[in-house]
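Chemist: This is the structure I want to talk about, given as structure tokens.
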Amino acid sequence: MPAKRSPARRPTMKDIAQRAGVSESAVSFALNDRPGVSDITRDRVRRVAEQLGWRPSTAARQLSGEGTATVGLVLARPADTLGVDSFFLQLISGIQEVLAERHLGLLFQVVEDVDDECAVYRRWWAEHRVDGVLVVDPRTDDARPDLLDELGLPAVVIGGAPDARHPGLSTVWADDAGAMASVVGRLYELGHRRIVHIAGLPGLAHTERRIRTLRAEAERRGLAEVCSVTTDYSDAEGAAVTRRVLEGGVLGGGSPPTALVYDNDVMAVAGVAAATLLGFSVPGDVSVVAWEDSALCRMVKPWLSALSRDTVAFGRTAAVELTSLLDGGPARAVGVPVPGLIERDSTGPCGPCGA
């Protein structure tokens, strides 16, 4: 039997001290950026530490009260909808770019609901598992900001509107209202008067903002046959709701809509397939707009018109704001650019049947 290989030995502060010709206490002062050593010694110690590949121990950081070098992200959504949702994959990619630069880890967990999410925050806080958290899917009636304030856990809320009631939390927000207004305006210019918004989960702040904006834009333009229908973001519900609205089961008068706005790309693709099976032409009979642009929007026929934004940059911005909080910076509300509508083959002028 081959001999069991011993694990590689990690460099220690003692190794750095011997190589740099200083005491271990001097190494500690230098690496923790504390007074007690000269700038020349500090630079020499850090250079030697880099040469040896030394990294601070997470356990030691916890014991000394310096943190865990980890941030948390909890997602309270149906797990079976995540694998095909390009938004979260891109968001996490942007977050990870920033965390990797800072040598910070990401602790990720999926739970059933917000109550379970709050329980995770309490456990992480009690166990000193994370230094801060990124909060997604703000709710209209949300218990999480109060809890995070109570725990004193640094947090960035992604996608929420600025909230003066929680000045200690940072917010990175997108103008969903402005984006919905631009979509409705463009569809109106194309002659569409019967519009259905196939929305995401009810109770999410951005879902409610989009629904309110659609209603307000319809009232402003005198459109009586406009409504929103909430779903779970899945392709199955996207297709089922599409069939229902095209068969005249949603708008008054039993008429089908001439335009459909979906809250993500997955539902939009499923909706086009469902419409085609019912005999509807896209965009001849019904125009389609997806909220999130992705490669999926360009893998179907016709190519989907979609709202486009840099979701990776959205994630980077959120992570930068959290690291700023961890460095002692002030909480801020930071806006990202309004998503812009990219018109492709799935939208066109309203046909005679929709007039």
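Labels for the structure tokens follow display order: chains A, B, ..., residues from 1 in each chain, ligands from 1.
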Could you tell me, as a ChimeraX atom specification, which residues of segment 65-278 of chain A DSSP assigns to helix (DSSP H, G or I) when given the backbone?

Modeler: /A:79-81,86-101,114-127,144-151,176-189,205-221,235-246,252-254,265-277

Chemist: Name all residues at most 10 Å from Val183 of chain A (count only C-alpha atoms; drop same-chain ones fewer than 2 positions away) and give them as a count of residues only.

Modeler: 17

Chemist: Need the shell around Ser86 of chain A: protein/DNA/RNA residues with any atom at most 12 Å away, counting only C-alpha atoms. Skip same-chain ones fewer than 5 positions apart. Format as a list in words?

Modeler: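 Surrounding residues, per the criterion: Thr81, Leu91, Ile92, Ser93, Tyr233, Asn264, Asp265, Val266, Met267, Trp291, Glu292, Asp293, Ser294, Ala295, Leu296, Cys297, Asp310, Thr311 and Val312 of chain A.
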
Chemist: Quick one: pick out all strand (DSSP E or B) residues within segment 19-260 of chain A from a backbone DSSP run and write them as number ranges by chain.

Modeler: A: 70-76, 105-111, 132-135, 139, 155-158, 170-173, 194-199, 204, 225-230, 259-260

Chemist: What does the file look like for those residues with C-alpha atoms, as a short mmCIF file (atom, residue, chain, number, x, y, z; two decimals), in the first residue's frame?

Modeler:
data_model
loop_
_atom_site.label_atom_id
_atom_site.label_comp_id
_atom_site.auth_asym_id
_atom_site.auth_seq_id
_atom_site.Cartn_x
_atom_site.Cartn_y
_atom_site.Cartn_z
CA THR A 70 -17.69 35.60 4.39
CA VAL A 71 -20.91 37.29 3.30
CA GLY A 72 -24.32 35.66 3.02
CA LEU A 73 -27.09 35.47 0.43
CA VAL A 74 -30.41 33.76 1.14
CA LEU A 75 -32.98 33.19 -1.58
CA ALA A 76 -36.62 32.54 -0.65
CA GLY A 105 -16.43 33.89 0.50
CA LEU A 106 -20.15 33.70 -0.35
CA LEU A 107 -22.44 31.58 1.81
CA PHE A 108 -25.58 30.83 -0.25
CA GLN A 109 -28.79 29.20 0.92
CA VAL A 110 -32.24 28.59 -0.61
CA VAL A 111 -35.25 28.52 1.74
CA GLY A 132 -22.78 40.95 6.21
CA VAL A 133 -25.58 39.92 3.88
CA LEU A 134 -27.01 40.70 0.46
CA VAL A 135 -30.81 40.79 0.51
CA ARG A 139 -41.30 42.62 -0.24
CA ALA A 155 -26.72 44.56 4.61
CA VAL A 156 -27.39 45.70 1.08
CA VAL A 157 -30.93 45.37 -0.27
CA ILE A 158 -30.88 44.58 -3.99
CA SER A 170 -27.65 50.26 1.77
CA THR A 171 -29.89 49.88 -1.27
CA VAL A 172 -29.06 49.19 -4.90
CA TRP A 173 -32.21 49.84 -6.86
CA ARG A 194 -55.22 45.44 -25.00
CA ILE A 195 -52.11 44.59 -22.98
CA VAL A 196 -51.59 41.85 -20.39
CA HIS A 197 -48.62 41.84 -18.02
CA ILE A 198 -47.72 38.28 -17.01
CA ALA A 199 -45.96 39.13 -13.77
CA LEU A 204 -42.42 41.33 -4.31
CA GLU A 225 -58.40 46.53 -21.32
CA VAL A 226 -55.08 46.25 -19.51
CA CYS A 227 -54.24 44.02 -16.54
CA SER A 228 -51.54 42.04 -14.71
CA VAL A 229 -51.59 38.35 -13.74
CA THR A 230 -49.07 37.06 -11.17
CA ALA A 259 -49.55 42.45 -26.52
CA LEU A 260 -48.04 40.41 -23.69
#

Chemist: Please provide the set of residues having any atom within 10 Å of Arg193 of chain A, restricted to only C-alpha atoms, with same-chain residues fewer than 6 positions apart removed, written as a PyMOL selection string.

Modeler: chain A and resi 184+187+218+221-226+257-259+350+354-355

Chemist: What's the 7 Å shell around Met13 of chain A, counting only C-alpha atoms, without same-chain residues fewer than 2 positions away, as a ChimeraX atom specification?

Modeler: /A:15-17,24,27

Chemist: Expressed in Å to a single decimal, how great is the separation between atom CA of Val288 of chain A and atom CA of Pro302 of chain A?

Modeler: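 Interatomic distance, atom CA of Val288 of chain A to atom CA of Pro302 of chain A: 9.7 Å.
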
Chemist: By how many Å are atom CA of Thr317 of chain A and atom CA of Phe88 of chain A apart?

Modeler: 14.4 Å

Chemist: Env of Pro162 of chain A: 12 Å cut, atoms = only C-alpha atoms, seq-sep filter 2 positions within chain, self excluded. Answer as a PDB file with N, CA, C and O atoms, in the first residue's frame.

Modeler:
ATOM      1  N   PRO A 138     -36.969  42.286  -2.320  1.00  0.00           N
ATOM      2  CA  PRO A 138     -37.670  43.052  -1.285  1.00  0.00           C
ATOM      3  C   PRO A 138     -39.181  42.876  -1.408  1.00  0.00           C
ATOM      4  O   PRO A 138     -39.725  42.803  -2.518  1.00  0.00           O
ATOM      5  N   PRO A 145     -35.724  44.061   6.892  1.00  0.00           N
ATOM      6  CA  PRO A 145     -34.950  45.253   7.276  1.00  0.00           C
ATOM      7  C   PRO A 145     -34.968  45.526   8.784  1.00  0.00           C
ATOM      8  O   PRO A 145     -33.930  45.868   9.368  1.00  0.00           O
ATOM      9  N   VAL A 156     -27.026  44.953   2.277  1.00  0.00           N
ATOM     10  CA  VAL A 156     -27.393  45.705   1.076  1.00  0.00           C
ATOM     11  C   VAL A 156     -28.644  45.052   0.502  1.00  0.00           C
ATOM     12  O   VAL A 156     -28.658  43.847   0.247  1.00  0.00           O
ATOM     13  N   VAL A 157     -29.680  45.854   0.318  1.00  0.00           N
ATOM     14  CA  VAL A 157     -30.931  45.375  -0.267  1.00  0.00           C
ATOM     15  C   VAL A 157     -30.862  45.599  -1.779  1.00  0.00           C
ATOM     16  O   VAL A 157     -30.681  46.729  -2.229  1.00  0.00           O
ATOM     17  N   ILE A 158     -31.003  44.523  -2.534  1.00  0.00           N
ATOM     18  CA  ILE A 158     -30.883  44.580  -3.991  1.00  0.00           C
ATOM     19  C   ILE A 158     -32.272  44.654  -4.603  1.00  0.00           C
ATOM     20  O   ILE A 158     -33.091  43.755  -4.417  1.00  0.00           O
ATOM     21  N   GLY A 159     -32.541  45.744  -5.325  1.00  0.00           N
ATOM     22  CA  GLY A 159     -33.811  45.868  -6.026  1.00  0.00           C
ATOM     23  C   GLY A 159     -34.886  46.611  -5.278  1.00  0.00           C
ATOM     24  O   GLY A 159     -35.992  46.779  -5.787  1.00  0.00           O
ATOM     25  N   GLY A 160     -34.593  47.068  -4.063  1.00  0.00           N
ATOM     26  CA  GLY A 160     -35.586  47.814  -3.319  1.00  0.00           C
ATOM     27  C   GLY A 160     -35.467  49.304  -3.563  1.00  0.00           C
ATOM     28  O   GLY A 160     -34.437  49.802  -4.011  1.00  0.00           O
ATOM     29  N   ALA A 164     -35.991  55.417   3.955  1.00  0.00           N
ATOM     30  CA  ALA A 164     -35.482  56.283   5.021  1.00  0.00           C
ATOM     31  C   ALA A 164     -35.690  55.676   6.401  1.00  0.00           C
ATOM     32  O   ALA A 164     -35.057  56.103   7.369  1.00  0.00           O
ATOM     33  N   ARG A 165     -36.553  54.680   6.525  1.00  0.00           N
ATOM     34  CA  ARG A 165     -36.806  54.065   7.838  1.00  0.00           C
ATOM     35  C   ARG A 165     -35.657  53.190   8.301  1.00  0.00           C
ATOM     36  O   ARG A 165     -35.573  52.837   9.476  1.00  0.00           O
ATOM     37  N   HIS A 166     -34.775  52.805   7.387  1.00  0.00           N
ATOM     38  CA  HIS A 166     -33.652  51.933   7.745  1.00  0.00           C
ATOM     39  C   HIS A 166     -32.360  52.549   7.218  1.00  0.00           C
ATOM     40  O   HIS A 166     -31.773  52.059   6.242  1.00  0.00           O
ATOM     41  N   PRO A 167     -31.921  53.636   7.863  1.00  0.00           N
ATOM     42  CA  PRO A 167     -30.745  54.361   7.357  1.00  0.00           C
ATOM     43  C   PRO A 167     -29.448  53.570   7.420  1.00  0.00           C
ATOM     44  O   PRO A 167     -28.460  53.950   6.796  1.00  0.00           O
ATOM     45  N   GLY A 168     -29.429  52.471   8.177  1.00  0.00           N
ATOM     46  CA  GLY A 168     -28.206  51.686   8.271  1.00  0.00           C
ATOM     47  C   GLY A 168     -28.031  50.679   7.152  1.00  0.00           C
ATOM     48  O   GLY A 168     -26.971  50.062   7.040  1.00  0.00           O
ATOM     49  N   LEU A 169     -29.062  50.483   6.323  1.00  0.00           N
ATOM     50  CA  LEU A 169     -28.992  49.515   5.228  1.00  0.00           C
ATOM     51  C   LEU A 169     -28.750  50.236   3.911  1.00  0.00           C
ATOM     52  O   LEU A 169     -29.381  51.252   3.622  1.00  0.00           O
ATOM     53  N   SER A 170     -27.859  49.707   3.115  1.00  0.00           N
ATOM     54  CA  SER A 170     -27.653  50.260   1.774  1.00  0.00           C
ATOM     55  C   SER A 170     -28.653  49.631   0.811  1.00  0.00           C
ATOM     56  O   SER A 170     -29.147  48.520   1.034  1.00  0.00           O
ATOM     57  N   THR A 171     -28.941  50.354  -0.267  1.00  0.00           N
ATOM     58  CA  THR A 171     -29.886  49.877  -1.274  1.00  0.00           C
ATOM     59  C   THR A 171     -29.298  50.085  -2.660  1.00  0.00           C
ATOM     60  O   THR A 171     -28.756  51.146  -2.953  1.00  0.00           O
ATOM     61  N   VAL A 172     -29.394  49.061  -3.483  1.00  0.00           N
ATOM     62  CA  VAL A 172     -29.058  49.188  -4.901  1.00  0.00           C
ATOM     63  C   VAL A 172     -30.356  48.925  -5.651  1.00  0.00           C
ATOM     64  O   VAL A 172     -30.910  47.827  -5.580  1.00  0.00           O
ATOM     65  N   TRP A 173     -30.858  49.945  -6.324  1.00  0.00           N
ATOM     66  CA  TRP A 173     -32.209  49.839  -6.864  1.00  0.00           C
ATOM     67  C   TRP A 173     -32.276  50.155  -8.353  1.00  0.00           C
ATOM     68  O   TRP A 173     -31.433  50.857  -8.903  1.00  0.00           O
ATOM     69  N   ALA A 174     -33.289  49.565  -8.992  1.00  0.00           N
ATOM     70  CA  ALA A 174     -33.545  49.776 -10.413  1.00  0.00           C
ATOM     71  C   ALA A 174     -34.908  50.431 -10.569  1.00  0.00           C
ATOM     72  O   ALA A 174     -35.836  50.148  -9.797  1.00  0.00           O
ATOM     73  N   ASP A 175     -35.043  51.276 -11.558  1.00  0.00           N
ATOM     74  CA  ASP A 175     -36.288  52.007 -11.794  1.00  0.00           C
ATOM     75  C   ASP A 175     -37.245  51.135 -12.609  1.00  0.00           C
ATOM     76  O   ASP A 175     -37.383  51.287 -13.822  1.00  0.00           O
ATOM     77  N   ALA A 205     -41.662  43.618  -4.096  1.00  0.00           N
ATOM     78  CA  ALA A 205     -41.762  45.062  -4.295  1.00  0.00           C
ATOM     79  C   ALA A 205     -41.676  45.439  -5.769  1.00  0.00           C
ATOM     80  O   ALA A 205     -42.432  46.289  -6.250  1.00  0.00           O
ATOM     81  N   ALA A 331     -24.004  53.932   4.862  1.00  0.00           N
ATOM     82  CA  ALA A 331     -25.034  53.307   4.031  1.00  0.00           C
ATOM     83  C   ALA A 331     -25.459  54.284   2.936  1.00  0.00           C
ATOM     84  O   ALA A 331     -25.525  55.496   3.167  1.00  0.00           O
ATOM     85  N   ARG A 332     -25.754  53.746   1.755  1.00  0.00           N
ATOM     86  CA  ARG A 332     -26.123  54.611   0.631  1.00  0.00           C
ATOM     87  C   ARG A 332     -27.246  53.963  -0.174  1.00  0.00           C
ATOM     88  O   ARG A 332     -27.466  52.754  -0.105  1.00  0.00           O
ATOM     89  N   ALA A 333     -27.942  54.779  -0.947  1.00  0.00           N
ATOM     90  CA  ALA A 333     -28.903  54.305  -1.944  1.00  0.00           C
ATOM     91  C   ALA A 333     -28.304  54.593  -3.313  1.00  0.00           C
ATOM     92  O   ALA A 333     -28.040  55.749  -3.648  1.00  0.00           O
ATOM     93  N   VAL A 334     -28.063  53.540  -4.084  1.00  0.00           N
ATOM     94  CA  VAL A 334     -27.400  53.672  -5.377  1.00  0.00           C
ATOM     95  C   VAL A 334     -28.330  53.162  -6.470  1.00  0.00           C
ATOM     96  O   VAL A 334     -28.815  52.027  -6.405  1.00  0.00           O
ATOM     97  N   GLY A 335     -28.603  53.990  -7.455  1.00  0.00           N
ATOM     98  CA  GLY A 335     -29.434  53.574  -8.579  1.00  0.00           C
ATOM     99  C   GLY A 335     -28.604  53.032  -9.721  1.00  0.00           C
ATOM    100  O   GLY A 335     -27.459  53.446  -9.913  1.00  0.00           O
TER     101      GLY A 335
END

Chemist: Rounded to one decimal place, report the atom CA of Glu112 of chain A-atom CA of Ala268 of chain A distance in Å.

Modeler: 25.0 Å

Chemist: Let me make sure I understand: among A:Asp285, A:Asp116, A:Ser234, A:Ala274, which one has the smallest atom-to-atom distance to Pro256 of chain A if we use only C-alpha atoms?

Modeler: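 When distances to Pro256 of chain A are compared using only C-alpha atoms, the smallest one comes from A:Asp285.
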
Chemist: For His103 of chain A, which residue among A:Ser25, A:Thr12, A:Thr68, A:Gln90 is the nearest when counting only C-alpha atoms?

Modeler: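 Nearest candidate to His103 of chain A out of A:Ser25, A:Thr12, A:Thr68, A:Gln90: A:Thr68.
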
Chemist: Considering only C-alpha atoms, return as a list in words whatever protein or nucleic-acid residues lie within 9 Å of Gly348 of chain A, sequence-local ones (same chain, fewer than 6 positions apart) excluded.

Modeler: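 Answer for this query is Leu187, Leu190, Val282, Pro283, Gly284, Val286, Ser287 and Val288 of chain A.
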
Chemist: Take the residues from that selection and put them in a file with C-alpha atoms, as a JSON list (two decimals), in the first residue's frame.

Modeler:
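Below you can see selection28.json, which holds the result:
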[["chain", "number", "residue", "atom", "x", "y", "z"],
["A", 187, "LEU", "CA", -46.66, 49.32, -27.37],
["A", 190, "LEU", "CA", -47.52, 50.52, -32.17],
["A", 282, "VAL", "CA", -46.18, 36.36, -33.07],
["A", 283, "PRO", "CA", -46.13, 39.28, -33.72],
["A", 284, "GLY", "CA", -48.96, 39.21, -36.30],
["A", 286, "VAL", "CA", -49.91, 39.25, -30.49],
["A", 287, "SER", "CA", -46.67, 41.07, -29.68],
["A", 288, "VAL", "CA", -44.38, 39.76, -26.93]]

Chemist: Return the single residue from A:Leu153, A:Ser324, A:Val338, A:Leu278 that is closest to Asp131 of chain A, with distances computed using only C-alpha atoms.

Modeler: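 Checking each of A:Leu153, A:Ser324, A:Val338, A:Leu278 against Asp131 of chain A, counting only C-alpha atoms, the winner is A:Leu153.
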